Amino acid sequence: YSGAEAVLSGAGVAALTAAGVALAGAVLGGLEDIGSEFDGMTDSIVVGTGASGKALDSLTASATEVGNSVPVSFEKAGGIVADFNTRMGLTGSTLTDVSKKTAALGEILGKDININQLTGAMNAFGISGKDVGKNMDYLFGVSQATGIGFDQLTGIVKNAGPAMQSLGFSFKDTADLAGQLDKAGIDANAVMGSMKKALTAVAENGGDVKKTFNDSVKSIEDFVKAGNDAAAIDAA
């Protein structure tokens, strides 16, 4: 036999055959795992949204793109997509982009994002469509700048949203204040509740609510920068 023939004869053939069987088994096992993940993804979407037909196909396409772009399971991607579709009505590329941001942020922070709180905060201020992604970025910026946890921030904005909005304050105003209060070691949830009463009194007396708010935030920021947390608490 030549060298090549020797490899392909006798024990060589048996070895190659065994290797081929092992490789085929590994490939089939991998395909089965992928198939199982896709089934889990589809199940998550169906259970979460009740979608079928073309609507289900669209949501599945979004989840598949999320799973291919961010290192999360397809089942988790399906859950994220389902939540944003159900709670905010997002679809198409907007749904895909927001879901990618959420999945990626969860990986950065090392834990799943509380989507109920996040969407609740957005809904409280009427934020929808493409503005969702932009405002998510803003929240993350506040979190990084002040040290407040992302989920903690969304929870505060969600709880304070109706009151702050009724007084004319924006989503960003509310997020900024929550971040600054937390940075000063102040219970933002409690302070924002009392601030609503104070600002309501200002409005009833014909005062400039927006100016009073901005002055308060500036005072808090100045005290925090100066390291005077006690004064920051008094200002709040």
# chains A, B, ... in the order shown; residues from 1 in each chain; ligands from 1
>>> closest_atom_pairs(of="region 169-194 of chain A", to="region 227-231 of chain A", cutoff="9 Å", atoms="only C-alpha atoms", output="Markdown table")
| residue | atom | partner | partner_atom | distance |
| --- | --- | --- | --- | --- |
| A:Ala184 | CA | A:Asp229 | CA | 5.6 |
| A:Gly185 | CA | A:Asp229 | CA | 7.4 |
| A:Ile186 | CA | A:Asp229 | CA | 8.6 |
>>> write_last_selection(atoms="C-alpha atoms", output="CSV table (one decimal), in the first residue's frame")
chain,number,residue,atom,x,y,z
A,184,ALA,CA,-26.2,62.2,48.6
A,185,GLY,CA,-27.4,59.2,50.5
A,186,ILE,CA,-30.9,60.4,50.6
>>> atom_distance(atom1="CA of Ile220 (chain A)", atom2="CA of Gly120 (chain A)")
26.8 Å
>>> residues_around(residues="Gly126 (chain A)", least_positions_apart="4", cutoff="10 Å", atoms="only C-alpha atoms", output="list in words")
Met88, Gly120, Ala121, Met122, Asp131, Val132, Gln165 and Phe171 of chain A
>>> write_last_selection(atoms="C-alpha atoms", output="CSV table (one decimal), in the first residue's frame")
chain,number,residue,atom,x,y,z
A,88,MET,CA,-45.2,48.9,25.3
A,120,GLY,CA,-43.7,51.2,33.9
A,121,ALA,CA,-41.3,54.3,34.2
A,122,MET,CA,-41.5,54.9,30.4
A,131,ASP,CA,-37.8,57.3,22.1
A,132,VAL,CA,-37.7,54.2,24.4
A,165,GLN,CA,-45.5,64.6,35.6
A,171,PHE,CA,-38.8,62.0,32.6
>>> residues_around(residues="Asp182 (chain A)", least_positions_apart="4", cutoff="9 Å", atoms="only C-alpha atoms", output="NGL selection string")
:A and (146-148 or 177-178 or 186-188)
>>> write_last_selection(atoms="N, CA and C atoms", output="short mmCIF file (atom, residue, chain, number, x, y, z; two decimals), in the first residue's frame")
data_model
loop_
_atom_site.label_atom_id
_atom_site.label_comp_id
_atom_site.auth_asym_id
_atom_site.auth_seq_id
_atom_site.Cartn_x
_atom_site.Cartn_y
_atom_site.Cartn_z
N THR A 146 -24.08 58.87 38.80
CA THR A 146 -24.41 59.04 40.22
C THR A 146 -24.18 57.80 41.07
N GLY A 147 -24.08 56.65 40.43
CA GLY A 147 -23.87 55.41 41.17
C GLY A 147 -25.14 54.70 41.59
N ILE A 148 -26.29 55.27 41.28
CA ILE A 148 -27.55 54.62 41.63
C ILE A 148 -27.75 53.40 40.73
N LEU A 177 -33.02 63.99 39.36
CA LEU A 177 -33.22 64.24 40.79
C LEU A 177 -33.02 62.96 41.59
N ALA A 178 -33.56 61.86 41.10
CA ALA A 178 -33.42 60.58 41.80
C ALA A 178 -31.94 60.22 41.94
N ILE A 186 -29.57 60.03 50.21
CA ILE A 186 -30.93 60.41 50.61
C ILE A 186 -31.93 59.43 49.99
N ASP A 187 -32.98 59.10 50.73
CA ASP A 187 -34.03 58.21 50.25
C ASP A 187 -34.86 58.96 49.21
N ALA A 188 -34.55 58.69 47.94
CA ALA A 188 -35.19 59.44 46.85
C ALA A 188 -36.71 59.22 46.81
#
